[in-house]
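Only one structure is covered here, and it is reproduced in the block below.
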Amino acid sequence: VVKSPKQKKKRNNDLTANQSIQSLYAELVNQGVIVKPPEVHMRDFIGVYPLLASELKAMMKSPRHTGTNPRPDPSLFDIKRAVTECCILPLGSDVVRGGLSIASPINTVLFYGAAGSGKTMLAHAVATETGALFVNLSPSVIKGKVTTAKAAKLLIHTIFKVARAMGPTVILIEEAEKMFVKSKKKDSHSPSPPRSPSPEQKAPENKEANANTDENATENEGMKTSAPPATPLSSSEVLQAIKKELTNAVNSIGKSERILVIGCTRTPYLSSSGSTLISFFNRHLRTGRPDYPSRIELWKHFISLHGGTITASLEVNSLAYVSEGYTAGSIAKVVSSVVNHNRMQIAEKKPLVSTEFVDQLSKTEIVLIEYDEQLRKWESALPKPQLKYKIVEEP
């Protein structure tokens with residue numbers, strides 16, 4: 001008689017097999033991991049297509065682009081188009097995602113740029129346009145909620161189980177550079193834990209004690225001892241454990257599963273594991289400062305949004321010129337501080353003038369050239385784009 005080979009039993013890797021999706025969802029909501037994002041649309045991200053070739057030439061000749069990597073910053077219009085093509089369409093449509101000809105779908109995207117350039121706003125817009133479930137996995141959110149490697153594994157497992165059942169899903173990681181940290185090796189000079197004494201070194205005990213010990217051992221024979229509690233991890237070790245489990249979970253995303261991980265960072269060059277930060281994300285999109293045409297539209301949009309009126313005394317073109325180097329968020333803060341309720345009460349008698357905004361703009365922090373240099377140095381390690389910019393001089 002030929003014996004059939006023994007079939008190996010498949011291990012059940014579902015850590016939450018006894019819990020329903022609804023209970024897991026409620027648990028993540030109570031932890032503040034699943035939240036409702038602000039309702040932001042892509043039309044709220046103001047950006048104009050740069051039609052002026054002279055504007056591109058002037059930008060390339062400015063001190064901000066005279067380094068080893070003198071490619072121009074993407075315009076706000078380019079950013080909107082890239083986010084729509086890489087994030088919104090594949091995440092919002094099964095047909096688009098299933099019809100992608102690329103070998104590996106875009107499951108991870110990194111937004112990097114100065115503060116106020118619209119990184120978090122774009123993540124909220126992606127979730128709003130696609131009606132996606134919004135998960136916040138930022139270090140500030142999970143701080144104190146995860147203390148062991150087992151808890152990190154359970155959290156990532158729960159998030160992706162809910163994401164697969166209730167997709168599409170957007171997973172946001174603010175301050176992504178903190179998530180990608182190097183593993184700390186144990187110090188060889190650190191004192192080793194004390195060893196337990198050998199049987200020969202133990203002091204001889206009395207016969208009664210030995211007899212009692214033998215009896216207790218006989219009675220408790222076959223009983224399992226309880227495992228010692230897990231040692232709490234440090235904050236950097238927790239992030240390292242989260243990164244490890246997150247990497248495994250992202251690699252397991254199927255082509256038909258609509259899950260997108262969005263990272264946001266102002267200082268990607270501060271990551272202690274820069275190569276891991278780059279390789280984890282499929283796409284890297286820089287949210288740069290607005291160009292001159294976009295700044296004109298931004299000033300008009302924010303002034304009108306706060307109830308102001310564009311008059312002849314308000315030279316928007318001049319405001320767009322002097323606000324070079326400022327982000328869209330900085331312009332929005334300047335307008336909100338000037339066009340307030342008290343100022344609008346006397347707007348009919350005293351219309352808004354450009355000098356009011358210029359005074360407040362001078363008190364606002366600008367993006368420094370040193371920051372651009374650090375960012376461009378980090379960009380040199382990114383995968384080279386297929387399309388290259390070339391400025392053709394007019395004869």
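We label chains A, B, ... in the order they appear in the structure tokens, count residues from 1 in each chain, and number ligands from 1 in the order shown.
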Checklist entry - Just asking: which residues within segment 283-389 of chain A are helix (DSSP H, G or I) according to DSSP, as a VMD selection string? => result chain A and resid 292 to 305 316 to 322 328 to 338 341 to 345 354 to 361 369 to 379
Within 10 Å of Ser235 of chain A using only C-alpha atoms, minus same-chain residues under 6 positions, as a CSV table (one decimal) with N, CA, C and O atoms, in the first residue's frame:
chain,number,residue,atom,x,y,z
A,139,PRO,N,3.7,59.4,13.1
A,139,PRO,CA,4.3,59.1,14.4
A,139,PRO,C,3.6,59.8,15.6
A,139,PRO,O,3.6,59.3,16.7
A,143,LYS,N,2.0,57.5,18.7
A,143,LYS,CA,2.8,57.7,19.9
A,143,LYS,C,2.0,57.3,21.2
A,143,LYS,O,0.9,57.8,21.4
A,144,GLY,N,2.5,56.4,21.9
A,144,GLY,CA,1.9,55.9,23.2
A,144,GLY,C,0.9,54.8,22.9
A,144,GLY,O,0.5,54.1,23.9
A,146,VAL,N,1.4,52.2,20.7
A,146,VAL,CA,2.2,51.0,20.4
A,146,VAL,C,3.5,51.0,21.2
A,146,VAL,O,4.2,52.0,21.1
A,147,THR,N,3.7,50.0,22.0
A,147,THR,CA,4.9,49.9,22.8
A,147,THR,C,5.7,48.7,22.6
A,147,THR,O,6.8,48.6,23.1
A,241,ALA,N,9.8,49.2,14.1
A,241,ALA,CA,8.9,48.0,14.0
A,241,ALA,C,7.7,48.3,13.1
A,241,ALA,O,7.3,47.4,12.3
Residues within 8 Å of Ile259 of chain A, please, as a PDB file with N, CA and C atoms, in the first residue's frame. Count only C-alpha atoms; anything in the same chain fewer than 4 positions from it doesn't count.
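The file below, part-v2.pdb, is the result:
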ATOM      1  N   LEU A  91      -6.703  55.129  -7.702  1.00  0.00           N
ATOM      2  CA  LEU A  91      -7.351  54.795  -6.436  1.00  0.00           C
ATOM      3  C   LEU A  91      -8.868  54.835  -6.547  1.00  0.00           C
ATOM      4  N   ASN A 107       1.493  52.222  -5.267  1.00  0.00           N
ATOM      5  CA  ASN A 107       0.875  52.029  -3.955  1.00  0.00           C
ATOM      6  C   ASN A 107       1.387  53.010  -2.913  1.00  0.00           C
ATOM      7  N   ALA A 163      -8.655  48.086   5.599  1.00  0.00           N
ATOM      8  CA  ALA A 163      -8.466  48.783   4.317  1.00  0.00           C
ATOM      9  C   ALA A 163      -8.890  47.923   3.139  1.00  0.00           C
ATOM     10  N   ARG A 164      -8.599  46.633   3.198  1.00  0.00           N
ATOM     11  CA  ARG A 164      -8.993  45.741   2.108  1.00  0.00           C
ATOM     12  C   ARG A 164     -10.502  45.540   2.064  1.00  0.00           C
ATOM     13  N   GLY A 167     -12.143  49.447   1.259  1.00  0.00           N
ATOM     14  CA  GLY A 167     -11.440  50.330   0.327  1.00  0.00           C
ATOM     15  C   GLY A 167     -12.378  51.094  -0.581  1.00  0.00           C
ATOM     16  N   PRO A 168     -11.865  52.118  -1.262  1.00  0.00           N
ATOM     17  CA  PRO A 168     -10.461  52.545  -1.298  1.00  0.00           C
ATOM     18  C   PRO A 168     -10.013  53.187   0.017  1.00  0.00           C
ATOM     19  N   THR A 169      -8.704  53.147   0.243  1.00  0.00           N
ATOM     20  CA  THR A 169      -8.156  53.619   1.509  1.00  0.00           C
ATOM     21  C   THR A 169      -6.905  54.448   1.256  1.00  0.00           C
ATOM     22  N   VAL A 170      -6.812  55.567   1.966  1.00  0.00           N
ATOM     23  CA  VAL A 170      -5.620  56.416   1.964  1.00  0.00           C
ATOM     24  C   VAL A 170      -4.995  56.338   3.349  1.00  0.00           C
ATOM     25  N   ILE A 171      -3.720  55.989   3.408  1.00  0.00           N
ATOM     26  CA  ILE A 171      -2.975  55.913   4.663  1.00  0.00           C
ATOM     27  C   ILE A 171      -1.958  57.048   4.661  1.00  0.00           C
ATOM     28  N   ILE A 253       0.151  44.110  -1.179  1.00  0.00           N
ATOM     29  CA  ILE A 253      -1.020  44.724  -1.809  1.00  0.00           C
ATOM     30  C   ILE A 253      -1.177  44.166  -3.221  1.00  0.00           C
TER      31      ILE A 253
END
Checklist entry - Quick one: distance from atom CA of Thr130 of chain A to atom CA of Ile88 of chain A in Å, one decimal? => result 6.4 Å
Checklist outcome for this item: For Pro105 of chain A, the closest of A:Tyr49, A:Val83, A:Pro74, A:Val250 counting only C-alpha atoms is A:Val250
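Distances to Leu122 of chain A were evaluated for A:Ile346, A:Leu270, A:Ile46, A:Ala176 using only C-alpha atoms, and the minimum falls at A:Ile46.
We find atom CA of Val261 of chain A and atom CA of Leu172 of chain A to be spaced 6.1 Å apart.
Using only C-alpha atoms, the nearest neighbour of Ala26 of chain A within the list A:Lys377, A:Ile159, A:Pro351, A:Ser318 is A:Ile159.
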I'd like the neighbourhood of Ile156 of chain A as a JSON list (two decimals) with N, CA, C and O atoms, in the first residue's frame, where a residue qualifies if any of its atoms comes within 9 Å (using only C-alpha atoms), though same-chain residues fewer than 5 positions away should be ignored.
[["chain", "number", "residue", "atom", "x", "y", "z"],
["A", 151, "ALA", "N", 2.55, 44.55, 19.28],
["A", 151, "ALA", "CA", 1.48, 45.54, 19.10],
["A", 151, "ALA", "C", 1.60, 46.24, 17.75],
["A", 151, "ALA", "O", 0.58, 46.56, 17.12],
["A", 161, "LYS", "N", -6.33, 44.99, 7.10],
["A", 161, "LYS", "CA", -7.51, 44.14, 7.00],
["A", 161, "LYS", "C", -8.76, 44.99, 6.79],
["A", 161, "LYS", "O", -9.62, 44.67, 5.94],
["A", 242, "ILE", "N", 7.14, 49.53, 13.23],
["A", 242, "ILE", "CA", 6.04, 49.93, 12.36],
["A", 242, "ILE", "C", 6.49, 49.91, 10.90],
["A", 242, "ILE", "O", 5.78, 49.44, 9.99],
["A", 245, "GLU", "N", 6.74, 46.25, 9.56],
["A", 245, "GLU", "CA", 5.45, 45.65, 9.28],
["A", 245, "GLU", "C", 4.74, 46.36, 8.13],
["A", 245, "GLU", "O", 4.06, 45.72, 7.32],
["A", 246, "LEU", "N", 4.92, 47.68, 8.04],
["A", 246, "LEU", "CA", 4.28, 48.43, 6.95],
["A", 246, "LEU", "C", 4.88, 48.04, 5.60],
["A", 246, "LEU", "O", 4.15, 47.92, 4.60],
["A", 249, "ALA", "N", 3.42, 44.78, 4.59],
["A", 249, "ALA", "CA", 2.01, 44.91, 4.21],
["A", 249, "ALA", "C", 1.87, 45.56, 2.84],
["A", 249, "ALA", "O", 1.02, 45.15, 2.03]]
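Distance annotation: of A:Thr108, A:Ser275, A:Thr158, A:Ser93, the residue with the minimal separation from Thr247 of chain A is A:Thr108; atom set is only C-alpha atoms.
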Next on the checklist: Based on the backbone DSSP call, show me all residues of segment 271-388 of chain A assigned strand (DSSP E), as number ranges by chain.
Outcome noted: A: 283-286
